[in-house]
Amino acid sequence: MDDSSDRGIWAPYEAFYIQAMLFNTRSAVVSIESVSTTLEQISRDLSGDALAQLDRSALLGELQNIILQAAALSRYFWPVRQGREARASQLRAALDVADDNPLKNRDLRNEIEHFDEKLDAYLSDGIAGYMFPEFVGPLPENDGVPTHIFRAYYLDVGLFEMLGKRYEIEPLAHEILRVHDRLLVADRNGGRLGGS
């Protein structure tokens, strides 16, 4: 089978796509579970100690990994290069991924795929005001002074921010979990997409 053709996935090769995508979903599931556990601990803690003792870097790293894995999955369903549409269409159909899916967010993909360039651009104009490399807490109120946050998670609204762009984590997490379950079924079905 010619790699550059747009003929879809030959049945014996479906297992390779399933395993490749499971690599991404498994990593994301570990992060989703870690974030969920941490957020539950924070929400149950009336003293505020859990938030005070929180390893912010670890939590933000898990959130960033969810976004990274979502972007990786997105490429399977909506490829950048020409000549991959039949494969992408076959995967979308087999895993019930519609075009309004949260994984299709191109902004999210571009932010991750070109993160180094986005960081250069973000810092190139010079920034002034409040600067935080990391923040976890409620969405800050606007007091007129610009706030620049490298990575943040706003507990009260469930948004992850990176370089000034905000992303809803919950819809991504739900979709990753759903796709993960479908891939596991396909894997148990002998590495075939049709049975998912």
# chains A, B, ... in the order shown; residues from 1 in each chain; ligands from 1
call {"tool": "select_by_dssp", "arguments": {"residues": "chain A", "states": "strand (DSSP E or B)", "output": "JSON list (two decimals) with N, CA and C atoms, in the first residue's frame"}}
result
[["chain", "number", "residue", "atom", "x", "y", "z"],
["A", 130, "TYR", "N", 1.72, 42.69, 35.85],
["A", 130, "TYR", "CA", 1.90, 41.52, 36.71],
["A", 130, "TYR", "C", 2.32, 40.34, 35.85],
["A", 131, "MET", "N", 3.37, 39.66, 36.28],
["A", 131, "MET", "CA", 3.85, 38.49, 35.53],
["A", 131, "MET", "C", 3.93, 37.29, 36.46],
["A", 132, "PHE", "N", 3.30, 36.20, 36.01],
["A", 132, "PHE", "CA", 3.29, 34.96, 36.78],
["A", 132, "PHE", "C", 3.69, 33.80, 35.87],
["A", 133, "PRO", "N", 4.75, 33.08, 36.23],
["A", 133, "PRO", "CA", 5.06, 31.90, 35.43],
["A", 133, "PRO", "C", 3.98, 30.82, 35.59],
["A", 134, "GLU", "N", 3.41, 30.73, 36.79],
["A", 134, "GLU", "CA", 2.38, 29.72, 37.08],
["A", 134, "GLU", "C", 1.35, 30.29, 38.06],
["A", 135, "PHE", "N", 0.10, 29.89, 37.84],
["A", 135, "PHE", "CA", -0.95, 30.35, 38.74],
["A", 135, "PHE", "C", -2.05, 29.30, 38.78],
["A", 136, "VAL", "N", -2.53, 29.00, 39.97],
["A", 136, "VAL", "CA", -3.70, 28.15, 40.15],
["A", 136, "VAL", "C", -4.57, 28.84, 41.20],
["A", 137, "GLY", "N", -5.79, 29.13, 40.84],
["A", 137, "GLY", "CA", -6.70, 29.81, 41.75],
["A", 137, "GLY", "C", -7.88, 30.36, 40.96],
["A", 147, "THR", "N", -2.02, 41.68, 33.17],
["A", 147, "THR", "CA", -1.54, 40.47, 33.83],
["A", 147, "THR", "C", -1.08, 39.50, 32.75],
["A", 148, "HIS", "N", 0.12, 38.99, 32.91],
["A", 148, "HIS", "CA", 0.68, 38.03, 31.96],
["A", 148, "HIS", "C", 1.00, 36.75, 32.72],
["A", 149, "ILE", "N", 0.36, 35.68, 32.27],
["A", 149, "ILE", "CA", 0.51, 34.40, 32.95],
["A", 149, "ILE", "C", 0.98, 33.38, 31.93],
["A", 150, "PHE", "N", 2.11, 32.72, 32.22],
["A", 150, "PHE", "CA", 2.64, 31.71, 31.32],
["A", 150, "PHE", "C", 1.71, 30.51, 31.26],
["A", 151, "ARG", "N", 1.39, 29.95, 32.43],
["A", 151, "ARG", "CA", 0.44, 28.83, 32.53],
["A", 151, "ARG", "C", -0.41, 29.05, 33.76],
["A", 152, "ALA", "N", -1.73, 28.82, 33.59],
["A", 152, "ALA", "CA", -2.63, 28.99, 34.73],
["A", 152, "ALA", "C", -3.81, 28.04, 34.60],
["A", 153, "TYR", "N", -4.39, 27.73, 35.76],
["A", 153, "TYR", "CA", -5.68, 27.03, 35.78],
["A", 153, "TYR", "C", -6.57, 27.78, 36.74],
["A", 154, "TYR", "N", -7.73, 28.20, 36.24],
["A", 154, "TYR", "CA", -8.69, 28.96, 37.03],
["A", 154, "TYR", "C", -9.73, 28.01, 37.58],
["A", 159, "LEU", "N", -10.89, 26.82, 33.42],
["A", 159, "LEU", "CA", -10.14, 27.18, 32.22],
["A", 159, "LEU", "C", -8.64, 27.03, 32.45],
["A", 160, "PHE", "N", -7.96, 26.52, 31.44],
["A", 160, "PHE", "CA", -6.51, 26.45, 31.44],
["A", 160, "PHE", "C", -6.03, 27.56, 30.53],
["A", 161, "GLU", "N", -5.05, 28.33, 30.98],
["A", 161, "GLU", "CA", -4.50, 29.42, 30.17],
["A", 161, "GLU", "C", -3.03, 29.15, 29.90],
["A", 162, "MET", "N", -2.64, 29.41, 28.67],
["A", 162, "MET", "CA", -1.24, 29.30, 28.30],
["A", 162, "MET", "C", -0.94, 30.41, 27.31],
["A", 165, "LYS", "N", -3.90, 32.50, 26.02],
["A", 165, "LYS", "CA", -5.04, 31.82, 25.40],
["A", 165, "LYS", "C", -5.65, 30.87, 26.42],
["A", 166, "ARG", "N", -6.97, 30.85, 26.45],
["A", 166, "ARG", "CA", -7.69, 30.02, 27.42],
["A", 166, "ARG", "C", -8.42, 28.88, 26.73],
["A", 167, "TYR", "N", -8.41, 27.73, 27.42],
["A", 167, "TYR", "CA", -9.02, 26.52, 26.87],
["A", 167, "TYR", "C", -9.88, 25.85, 27.93],
["A", 168, "GLU", "N", -11.05, 25.39, 27.49],
["A", 168, "GLU", "CA", -11.90, 24.60, 28.38],
["A", 168, "GLU", "C", -11.35, 23.18, 28.41]]
call {"tool": "residues_around", "arguments": {"residues": "A:Val179", "least_positions_apart": "2", "cutoff": "10 Å", "atoms": "only C-alpha atoms", "output": "list of chain:residue names"}}
result
A:Met21, A:Leu22, A:Thr25, A:Leu73, A:Leu95, A:Asp96, A:Val97, A:Ala173, A:His174, A:Glu175, A:Ile176, A:Leu177, A:Asp181, A:Arg182, A:Leu183, A:Leu184, A:Val185, A:Ser196
call {"tool": "write_last_selection", "arguments": {"atoms": "C-alpha atoms", "output": "PDB file, in the first residue's frame"}}
result
ATOM      1  CA  MET A  21      -3.814   6.608  19.231  1.00  0.00           C
ATOM      2  CA  LEU A  22      -3.978   4.588  22.454  1.00  0.00           C
ATOM      3  CA  THR A  25      -5.165   8.577  25.076  1.00  0.00           C
ATOM      4  CA  LEU A  73      -5.217  12.975  18.441  1.00  0.00           C
ATOM      5  CA  LEU A  95     -14.726   6.353  16.436  1.00  0.00           C
ATOM      6  CA  ASP A  96     -17.834   8.509  15.978  1.00  0.00           C
ATOM      7  CA  VAL A  97     -15.932  11.806  15.850  1.00  0.00           C
ATOM      8  CA  ALA A 173     -11.141  15.491  28.770  1.00  0.00           C
ATOM      9  CA  HIS A 174     -14.591  13.992  28.175  1.00  0.00           C
ATOM     10  CA  GLU A 175     -13.872  13.494  24.485  1.00  0.00           C
ATOM     11  CA  ILE A 176     -10.450  11.963  25.100  1.00  0.00           C
ATOM     12  CA  LEU A 177     -12.008   9.520  27.586  1.00  0.00           C
ATOM     13  CA  ASP A 181     -12.934   3.728  25.489  1.00  0.00           C
ATOM     14  CA  ARG A 182     -13.750   3.235  21.805  1.00  0.00           C
ATOM     15  CA  LEU A 183     -10.102   2.462  21.034  1.00  0.00           C
ATOM     16  CA  LEU A 184      -9.949  -0.090  23.857  1.00  0.00           C
ATOM     17  CA  VAL A 185     -12.996  -1.857  22.419  1.00  0.00           C
ATOM     18  CA  SER A 196     -15.627  -0.243  18.036  1.00  0.00           C
TER      19      SER A 196
END
call {"tool": "closest_residue", "arguments": {"among": "A:Ile66, A:Leu91, A:Ala98, A:Leu155", "to": "A:Ile112", "atoms": "only C-alpha atoms"}}
result
A:Ile66
call {"tool": "closest_residue", "arguments": {"among": "A:Ala94, A:Ala128, A:Val145, A:Ile169", "to": "A:Glu14", "atoms": "only C-alpha atoms"}}
result
A:Ala94
call {"tool": "atom_distance", "arguments": {"atom1": "atom CA of A:Asn142", "atom2": "atom CA of A:Leu163"}}
result
17.1 Å
call {"tool": "select_by_dssp", "arguments": {"residues": "stretch 89-173 of chain A", "states": "helix (DSSP H, G or I)", "output": "MDAnalysis selection string"}}
result
chainID A and resid 89:94 102:104 106:113 115:124 169:173
call {"tool": "closest_residue", "arguments": {"among": "A:Asp49, A:Val35, A:Gln64, A:Arg87", "to": "A:Leu193", "atoms": "only C-alpha atoms"}}
result
A:Arg87
call {"tool": "atom_distance", "arguments": {"atom1": "atom CA of A:Pro171", "atom2": "atom CA of A:Gly61"}}
result
18.2 Å
call {"tool": "residues_around", "arguments": {"residues": "A:Phe23", "least_positions_apart": "6", "cutoff": "10 Å", "atoms": "only C-alpha atoms", "output": "list in words"}}
result
Tyr17, Gln69, Leu73 and His180 of chain A
call {"tool": "write_last_selection", "arguments": {"atoms": "all heavy atoms", "output": "PDB file, in the first residue's frame"}}
result
ATOM      1  N   TYR A  17      -2.925   1.917  13.882  1.00  0.00           N
ATOM      2  CA  TYR A  17      -3.541   3.211  14.195  1.00  0.00           C
ATOM      3  C   TYR A  17      -4.168   3.185  15.584  1.00  0.00           C
ATOM      4  O   TYR A  17      -4.085   4.155  16.334  1.00  0.00           O
ATOM      5  CB  TYR A  17      -4.572   3.587  13.122  1.00  0.00           C
ATOM      6  CG  TYR A  17      -3.913   4.033  11.854  1.00  0.00           C
ATOM      7  CD1 TYR A  17      -3.611   3.110  10.858  1.00  0.00           C
ATOM      8  CD2 TYR A  17      -3.556   5.360  11.661  1.00  0.00           C
ATOM      9  CE1 TYR A  17      -2.981   3.501   9.697  1.00  0.00           C
ATOM     10  CE2 TYR A  17      -2.922   5.768  10.499  1.00  0.00           C
ATOM     11  CZ  TYR A  17      -2.632   4.831   9.519  1.00  0.00           C
ATOM     12  OH  TYR A  17      -1.990   5.227   8.380  1.00  0.00           O
ATOM     13  N   GLN A  69      -1.875  15.940  24.214  1.00  0.00           N
ATOM     14  CA  GLN A  69      -2.398  14.678  23.680  1.00  0.00           C
ATOM     15  C   GLN A  69      -3.651  14.919  22.833  1.00  0.00           C
ATOM     16  O   GLN A  69      -3.872  14.223  21.835  1.00  0.00           O
ATOM     17  CB  GLN A  69      -2.669  13.683  24.812  1.00  0.00           C
ATOM     18  CG  GLN A  69      -1.454  13.333  25.641  1.00  0.00           C
ATOM     19  CD  GLN A  69      -0.255  12.861  24.830  1.00  0.00           C
ATOM     20  OE1 GLN A  69      -0.375  12.335  23.733  1.00  0.00           O
ATOM     21  NE2 GLN A  69       0.938  13.045  25.386  1.00  0.00           N
ATOM     22  N   LEU A  73      -4.065  13.733  18.953  1.00  0.00           N
ATOM     23  CA  LEU A  73      -5.217  12.975  18.441  1.00  0.00           C
ATOM     24  C   LEU A  73      -5.881  13.702  17.282  1.00  0.00           C
ATOM     25  O   LEU A  73      -6.320  13.079  16.314  1.00  0.00           O
ATOM     26  CB  LEU A  73      -6.244  12.759  19.558  1.00  0.00           C
ATOM     27  CG  LEU A  73      -5.896  11.727  20.607  1.00  0.00           C
ATOM     28  CD1 LEU A  73      -6.908  11.791  21.749  1.00  0.00           C
ATOM     29  CD2 LEU A  73      -5.849  10.333  20.009  1.00  0.00           C
ATOM     30  N   HIS A 180     -10.866   7.104  23.992  1.00  0.00           N
ATOM     31  CA  HIS A 180     -10.052   6.059  24.623  1.00  0.00           C
ATOM     32  C   HIS A 180     -10.868   4.775  24.800  1.00  0.00           C
ATOM     33  O   HIS A 180     -10.395   3.684  24.451  1.00  0.00           O
ATOM     34  CB  HIS A 180      -9.535   6.552  25.974  1.00  0.00           C
ATOM     35  CG  HIS A 180      -8.709   5.558  26.718  1.00  0.00           C
ATOM     36  ND1 HIS A 180      -7.448   5.184  26.318  1.00  0.00           N
ATOM     37  CD2 HIS A 180      -8.971   4.840  27.836  1.00  0.00           C
ATOM     38  CE1 HIS A 180      -6.965   4.290  27.163  1.00  0.00           C
ATOM     39  NE2 HIS A 180      -7.870   4.058  28.090  1.00  0.00           N
TER      40      HIS A 180
END
call {"tool": "residues_around", "arguments": {"residues": "A:Pro79", "least_positions_apart": "4", "cutoff": "7 Å", "atoms": "only C-alpha atoms", "output": "ChimeraX atom specification"}}
result
/A:75,84,88
call {"tool": "closest_residue", "arguments": {"among": "A:Ala72, A:Leu108, A:Val29, A:Leu51", "to": "A:Pro138", "atoms": "only C-alpha atoms"}}
result
A:Leu51
call {"tool": "atom_distance", "arguments": {"atom1": "atom CA of A:Asn24", "atom2": "atom CA of A:Glu113"}}
result
14.9 Å
